[in-house]
Amino acid sequence: MSCGCKTSGDSAHSCGPKKTANGCENVNTCGNSYKLSVFDWLSNINNPSPNRCDFVEVRFKNDRKSFFKNVNNIPLHIGSVVTVESSPGHDVGVVSLTGELVKIQMKKKKSSEEAALKIYRQANQKDLEVWQEVRKKEENVKIEARKIAHRLGLEMKITDVEYQGDASKVTFYYTADSRVDFRMLIKEYAGAFRTKIDMKQIGFRQEAAKVGGIGSCGRELCCSTWLTDFRSVNTNVARYQQLSINPQKLAGQCGKLKCCLNYELDSYLDALSNFPSSSTMLDTEKGRAFCIKIDVFKKKMWFAYVDSSMAWYDFDIDLVKKLIAKNKKGERVPPLEDLKQPEAPLQTIDLIQENSVDRFEKKNRSNNNRHKSSNRPNNSNQNSQNQGQNQGSKRPNNRPERQDRPERTERPEKQERQQNPNANSNNQPRQQKPQQPKAQLEKADVVSGSDVEKKPAPNKKKFKKKFPPKKDNNA
């Protein structure tokens with residue numbers, strides 16, 4: 001026997017036969033069908049027999065619930081599938097709440113005990129088979145109903161379809177901006193589906209609750225999970241919370257203002273009660289200033305001059321109250337530039353660099369320093385010997401700076417080539433020069449340059465070379 005937890009009527013999940021006080025173990029995880037469930041915190045407490053509550057809350061497809069009277073004293077628990085009274089015929093639903101909490105819910109919903117319908121019996125196998133068959137047809141019926149409404153040119157949208165448990169009636173939920181003429185539509189539906197037709201108009205928020213979806217917060221829509229009463233939301237709510245009036249950001253899946261704007265409204269109103277009015281004007285020596293912005297969290301107000309509103313100045317609300325008190329006495333306050341105090345720079349702490357990554361290597365460092373200190377005398381002796389050997393080969397310290405050095409003169413070969421550009425115009429084979437190492441070529445260039453320029457530059461100092469290079473006539 002199926003408990004009908006899933007809206008499609010699938011019998012794969014079975015929890016109806018369990019004779020436990022809590023009923024189905026997956027009450028809160030069976031799908032969207034339990035989105036309007038109530039937590040029974042009295043389920044583990046045995047009710048006294050003389051004050052036993054005879055009323056039971058029964059839910060139907062998705063979001064429809066009603067209260068019924070258990071006149072036959074049938075032992076019921078949460079998840080039991082029951083056959084209840086309906087007009088016409090009977091309907092099949094699932095028990096969602098029992099016990100003393102039903103009376104509290106009836107008082108909250110303002111449901112009278114005298115108008116409550118009766119529970120016939122627990123659903124038998126025949127009732128469940130008919131109920132599941134009509135549940136499987138609902139999606140195809142909805143698509144066919146939309147085609148018929150579109151063919152008739154009616155400005156409406158079929159949102160959901162619900163069959164009664166005995167298939168004697170089908171209810172069409174629709175949304176429309178204006179009134180719709182159903183005379184031809186009901187005839188078409190009756191001829192196509194061969195059953196009693198019931199049309200029910202719902203709002204756009206109820207449509208979003210039935211369809212479901214993911215909000216901009218990343219969670220499932222409130223109306224499709226737990227929200228039952230839809231309170232009115234206007235643009236003043238967004239203004240109190242200092243939000244920009246942007247319809248794309250403030251609207252939900254239903255196209256209306258988000259219901260969550262009402263959640264924090266009371267907190268904002270309490271915080272704004274300590275603020276001066278947003279229409280406050282300050283009389284300064286430079287001119288009149290008006291409030292242009294309020295920050296509820298920082299408790300600051302931004303002011304700007306009436307003549308030049310490009311520059312904004314923020315002040316704490318305590319200072320603003322003092323300035324308003326001075327204006328009431330007839331005194332003008334100093335200009336906003338003088339009242340503005342320079343803000344102290346915030347000292348930021350980098351948590352990543354606060355502790356060194358090498359803090360675990362301190363012990364190793366101390367050991368290495370010990371080894372280095374023990375080897376220092378030997379190294380110092382070796383260094384002193386090396387310094388004594390290389391003392392003669394060091395260059396003098398009074399080396400002239402780079403700026404005092406004269407510019408390099410061009411090589412004589414290049415000068416001759418520039419003077420006689422046609423000297424090598426004849427197609428004579430060039431003599432192959434023997435390849436020499438790079439260092440020897442550089443030294444040879446220096447020697448050939450010294451032959452041409454016999455007198456060295458006045459600022460250029462000669463350095464003594466240990467092994468002067470030999471002259472090469474072929475260079």
# chains A, B, ... in the order shown; residues from 1 in each chain; ligands from 1
>>> residues_around(residues="Ile143 in chain A", least_positions_apart="3", cutoff="10 Å", atoms="only C-alpha atoms", output="VMD selection string")
chain A and resid 138 to 140 146 to 148 158 to 161
>>> select_by_dssp(residues="range 159-319 of chain A", states="alpha helix (DSSP H)", output="PyMOL selection string")
chain A and resi 183-193+204-211+235-240+247-250+265-272+317-319
>>> write_last_selection(atoms="N, CA and C atoms", output="short mmCIF file (atom, residue, chain, number, x, y, z; two decimals), in the first residue's frame")
data_model
loop_
_atom_site.label_atom_id
_atom_site.label_comp_id
_atom_site.auth_asym_id
_atom_site.auth_seq_id
_atom_site.Cartn_x
_atom_site.Cartn_y
_atom_site.Cartn_z
N ARG A 183 -17.24 29.95 -21.44
CA ARG A 183 -18.41 29.21 -21.95
C ARG A 183 -18.00 28.21 -23.05
N MET A 184 -17.23 28.63 -23.99
CA MET A 184 -16.78 27.71 -25.04
C MET A 184 -15.69 26.77 -24.52
N LEU A 185 -14.85 27.29 -23.60
CA LEU A 185 -13.74 26.48 -23.10
C LEU A 185 -14.23 25.28 -22.32
N ILE A 186 -15.23 25.45 -21.46
CA ILE A 186 -15.72 24.33 -20.65
C ILE A 186 -16.39 23.28 -21.55
N LYS A 187 -17.07 23.71 -22.60
CA LYS A 187 -17.66 22.74 -23.52
C LYS A 187 -16.58 21.90 -24.20
N GLU A 188 -15.50 22.56 -24.63
CA GLU A 188 -14.40 21.83 -25.27
C GLU A 188 -13.75 20.86 -24.29
N TYR A 189 -13.54 21.31 -23.04
CA TYR A 189 -12.91 20.43 -22.04
C TYR A 189 -13.81 19.24 -21.70
N ALA A 190 -15.10 19.48 -21.56
CA ALA A 190 -16.02 18.38 -21.23
C ALA A 190 -16.08 17.35 -22.34
N GLY A 191 -16.05 17.81 -23.60
CA GLY A 191 -16.06 16.86 -24.71
C GLY A 191 -14.74 16.12 -24.86
N ALA A 192 -13.63 16.73 -24.48
CA ALA A 192 -12.33 16.09 -24.64
C ALA A 192 -12.00 15.14 -23.50
N PHE A 193 -12.38 15.49 -22.25
CA PHE A 193 -11.94 14.70 -21.09
C PHE A 193 -13.06 13.88 -20.46
N PHE A 204 -0.21 34.89 -9.31
CA PHE A 204 1.10 34.55 -9.84
C PHE A 204 2.01 33.97 -8.76
N ARG A 205 1.81 34.37 -7.53
CA ARG A 205 2.61 33.80 -6.45
C ARG A 205 2.21 32.36 -6.16
N GLN A 206 0.91 32.08 -6.22
CA GLN A 206 0.48 30.69 -6.07
C GLN A 206 0.98 29.82 -7.21
N GLU A 207 1.09 30.41 -8.40
CA GLU A 207 1.63 29.66 -9.54
C GLU A 207 3.09 29.31 -9.30
N ALA A 208 3.88 30.27 -8.80
CA ALA A 208 5.28 29.98 -8.51
C ALA A 208 5.41 28.93 -7.42
N ALA A 209 4.48 28.93 -6.46
CA ALA A 209 4.51 27.93 -5.41
C ALA A 209 4.23 26.54 -5.96
N LYS A 210 3.35 26.44 -6.95
CA LYS A 210 3.05 25.13 -7.53
C LYS A 210 4.16 24.64 -8.44
N VAL A 211 4.72 25.57 -9.25
CA VAL A 211 5.75 25.16 -10.21
C VAL A 211 7.07 24.92 -9.50
N THR A 235 7.07 49.04 -2.75
CA THR A 235 8.40 49.61 -2.96
C THR A 235 8.91 50.35 -1.73
N ASN A 236 8.04 50.74 -0.80
CA ASN A 236 8.52 51.41 0.41
C ASN A 236 9.41 50.49 1.25
N VAL A 237 9.17 49.20 1.16
CA VAL A 237 10.01 48.24 1.88
C VAL A 237 11.44 48.32 1.38
N ALA A 238 11.62 48.42 0.07
CA ALA A 238 12.97 48.53 -0.50
C ALA A 238 13.61 49.87 -0.13
N ARG A 239 12.82 50.93 -0.04
CA ARG A 239 13.38 52.24 0.31
C ARG A 239 13.84 52.26 1.77
N TYR A 240 13.10 51.63 2.64
CA TYR A 240 13.53 51.57 4.05
C TYR A 240 14.87 50.85 4.19
N PRO A 247 13.67 46.84 -10.78
CA PRO A 247 12.69 45.75 -10.84
C PRO A 247 13.30 44.39 -11.12
N GLN A 248 14.40 44.35 -11.88
CA GLN A 248 14.99 43.06 -12.22
C GLN A 248 15.61 42.39 -11.00
N LYS A 249 16.11 43.17 -10.04
CA LYS A 249 16.72 42.59 -8.85
C LYS A 249 15.73 42.38 -7.72
N LEU A 250 14.68 43.19 -7.67
CA LEU A 250 13.72 43.09 -6.58
C LEU A 250 12.59 42.11 -6.88
N LEU A 265 12.46 43.71 7.53
CA LEU A 265 11.92 45.08 7.57
C LEU A 265 11.84 45.60 9.00
N ASP A 266 11.43 44.78 9.95
CA ASP A 266 11.30 45.22 11.34
C ASP A 266 12.65 45.64 11.92
N SER A 267 13.71 44.91 11.57
CA SER A 267 15.04 45.26 12.08
C SER A 267 15.50 46.60 11.51
N TYR A 268 15.21 46.85 10.25
CA TYR A 268 15.59 48.13 9.64
C TYR A 268 14.80 49.28 10.26
N LEU A 269 13.53 49.05 10.52
CA LEU A 269 12.71 50.11 11.13
C LEU A 269 13.20 50.44 12.53
N ASP A 270 13.62 49.44 13.29
CA ASP A 270 14.17 49.70 14.62
C ASP A 270 15.47 50.49 14.54
N ALA A 271 16.32 50.16 13.56
CA ALA A 271 17.58 50.88 13.42
C ALA A 271 17.36 52.31 12.93
N LEU A 272 16.39 52.51 12.04
CA LEU A 272 16.12 53.85 11.52
C LEU A 272 15.44 54.76 12.53
N ILE A 317 25.79 59.86 13.12
CA ILE A 317 24.47 60.39 13.46
C ILE A 317 24.51 61.22 14.74
N ASP A 318 25.46 60.94 15.65
CA ASP A 318 25.58 61.76 16.86
C ASP A 318 25.98 63.18 16.52
N LEU A 319 26.93 63.33 15.59
CA LEU A 319 27.34 64.67 15.17
C LEU A 319 26.22 65.38 14.43
#
>>> select_by_dssp(residues="range 41-84 of chain A", states="strand (DSSP E)", output="JSON, numbers by chain")
{"A": [55, 56, 57, 58, 59, 65, 66, 67, 68, 69, 81, 82, 83, 84]}
>>> atom_distance(atom1="CA of Gln122 in chain A", atom2="CA of Lys103 in chain A")
21.8 Å
>>> closest_residue(among="A:Lys61, A:Ser216, A:Glu162, A:Val102", to="Val141 in chain A", atoms="only C-alpha atoms")
A:Glu162
>>> residues_around(residues="Ser178 in chain A", least_positions_apart="5", cutoff="12 Å", atoms="only C-alpha atoms", output="VMD selection string")
chain A and resid 154 to 157 201 203
>>> write_last_selection(atoms="N, CA, C and O atoms", output="short mmCIF file (atom, residue, chain, number, x, y, z; two decimals), in the first residue's frame")
data_model
loop_
_atom_site.label_atom_id
_atom_site.label_comp_id
_atom_site.auth_asym_id
_atom_site.auth_seq_id
_atom_site.Cartn_x
_atom_site.Cartn_y
_atom_site.Cartn_z
N LEU A 154 -7.76 32.46 -25.98
CA LEU A 154 -7.99 33.01 -24.63
C LEU A 154 -6.64 33.39 -24.01
O LEU A 154 -5.66 32.63 -24.09
N GLU A 155 -6.62 34.56 -23.39
CA GLU A 155 -5.41 35.04 -22.74
C GLU A 155 -5.35 34.50 -21.31
O GLU A 155 -5.70 35.17 -20.34
N MET A 156 -4.90 33.27 -21.19
CA MET A 156 -4.81 32.59 -19.90
C MET A 156 -3.72 31.52 -20.00
O MET A 156 -3.26 31.18 -21.09
N LYS A 157 -3.33 31.02 -18.85
CA LYS A 157 -2.29 30.00 -18.80
C LYS A 157 -2.73 28.91 -17.82
O LYS A 157 -3.00 29.20 -16.65
N GLN A 201 -9.06 30.05 -10.55
CA GLN A 201 -8.04 31.04 -10.84
C GLN A 201 -7.15 31.25 -9.61
O GLN A 201 -7.64 31.35 -8.48
N GLY A 203 -3.29 33.27 -8.20
CA GLY A 203 -2.39 34.38 -8.46
C GLY A 203 -1.03 33.91 -8.96
O GLY A 203 -0.73 32.71 -9.02
#
>>> closest_atom_pairs(of="range 42-157 of chain A", to="range 221-231 of chain A", cutoff="12 Å", atoms="only C-alpha atoms", output="Markdown table")
| residue | atom | partner | partner_atom | distance |
| --- | --- | --- | --- | --- |
| A:Asn62 | CA | A:Ser224 | CA | 9.3 |
| A:Asp63 | CA | A:Ser224 | CA | 8.6 |
| A:Arg64 | CA | A:Thr228 | CA | 10.7 |
| A:Lys65 | CA | A:Thr228 | CA | 11.3 |
| A:Lys108 | CA | A:Asp229 | CA | 11.7 |
| A:Lys109 | CA | A:Asp229 | CA | 10.7 |
>>> write_last_selection(atoms="all heavy atoms", output="mmCIF file, in the first residue's frame")
data_model
loop_
_atom_site.group_PDB
_atom_site.id
_atom_site.type_symbol
_atom_site.label_atom_id
_atom_site.label_comp_id
_atom_site.auth_asym_id
_atom_site.auth_seq_id
_atom_site.Cartn_x
_atom_site.Cartn_y
_atom_site.Cartn_z
ATOM 1 N N ASN A 62 0.132 18.238 -3.757
ATOM 2 C CA ASN A 62 1.082 19.337 -3.642
ATOM 3 C C ASN A 62 0.769 20.281 -2.493
ATOM 4 O O ASN A 62 1.403 20.213 -1.458
ATOM 5 C CB ASN A 62 1.165 20.106 -4.961
ATOM 6 C CG ASN A 62 2.497 20.800 -5.105
ATOM 7 O OD1 ASN A 62 3.379 20.617 -4.280
ATOM 8 N ND2 ASN A 62 2.666 21.581 -6.137
ATOM 9 N N ASP A 63 -0.180 21.175 -2.614
ATOM 10 C CA ASP A 63 -0.319 22.244 -1.625
ATOM 11 C C ASP A 63 -1.747 22.439 -1.115
ATOM 12 O O ASP A 63 -2.059 23.483 -0.547
ATOM 13 C CB ASP A 63 0.174 23.572 -2.219
ATOM 14 C CG ASP A 63 -0.621 23.977 -3.433
ATOM 15 O OD1 ASP A 63 -1.370 23.140 -3.948
ATOM 16 O OD2 ASP A 63 -0.486 25.141 -3.864
ATOM 17 N N ARG A 64 -2.598 21.483 -1.300
ATOM 18 C CA ARG A 64 -3.981 21.619 -0.832
ATOM 19 C C ARG A 64 -4.190 20.732 0.389
ATOM 20 O O ARG A 64 -3.905 19.530 0.353
ATOM 21 C CB ARG A 64 -4.959 21.239 -1.948
ATOM 22 C CG ARG A 64 -6.421 21.453 -1.585
ATOM 23 C CD ARG A 64 -7.287 21.302 -2.823
ATOM 24 N NE ARG A 64 -7.275 19.960 -3.364
ATOM 25 C CZ ARG A 64 -8.145 18.998 -3.027
ATOM 26 N NH1 ARG A 64 -9.077 19.223 -2.122
ATOM 27 N NH2 ARG A 64 -8.062 17.812 -3.603
ATOM 28 N N LYS A 65 -4.687 21.350 1.477
ATOM 29 C CA LYS A 65 -4.942 20.616 2.721
ATOM 30 C C LYS A 65 -6.330 20.973 3.239
ATOM 31 O O LYS A 65 -6.848 22.056 2.955
ATOM 32 C CB LYS A 65 -3.901 20.978 3.788
ATOM 33 C CG LYS A 65 -2.512 20.503 3.486
ATOM 34 C CD LYS A 65 -1.610 20.558 4.702
ATOM 35 C CE LYS A 65 -1.481 21.942 5.270
ATOM 36 N NZ LYS A 65 -0.512 21.990 6.392
ATOM 37 N N LYS A 108 -6.049 28.429 13.852
ATOM 38 C CA LYS A 108 -5.208 29.352 13.079
ATOM 39 C C LYS A 108 -5.787 29.585 11.689
ATOM 40 O O LYS A 108 -5.779 30.719 11.180
ATOM 41 C CB LYS A 108 -3.794 28.773 12.967
ATOM 42 C CG LYS A 108 -2.814 29.640 12.219
ATOM 43 C CD LYS A 108 -1.442 28.993 12.142
ATOM 44 C CE LYS A 108 -0.465 29.844 11.336
ATOM 45 N NZ LYS A 108 0.867 29.188 11.238
ATOM 46 N N LYS A 109 -6.319 28.550 11.049
ATOM 47 C CA LYS A 109 -6.897 28.672 9.722
ATOM 48 C C LYS A 109 -8.349 29.136 9.751
ATOM 49 O O LYS A 109 -8.960 29.323 8.689
ATOM 50 C CB LYS A 109 -6.833 27.323 8.989
ATOM 51 C CG LYS A 109 -5.423 26.743 8.838
ATOM 52 C CD LYS A 109 -4.593 27.537 7.882
ATOM 53 C CE LYS A 109 -3.221 26.882 7.683
ATOM 54 N NZ LYS A 109 -2.358 27.665 6.767
#
>>> closest_residue(among="A:Cys260, A:Val296, A:Cys254, A:Thr348", to="Gly212 in chain A", atoms="only C-alpha atoms")
A:Cys254
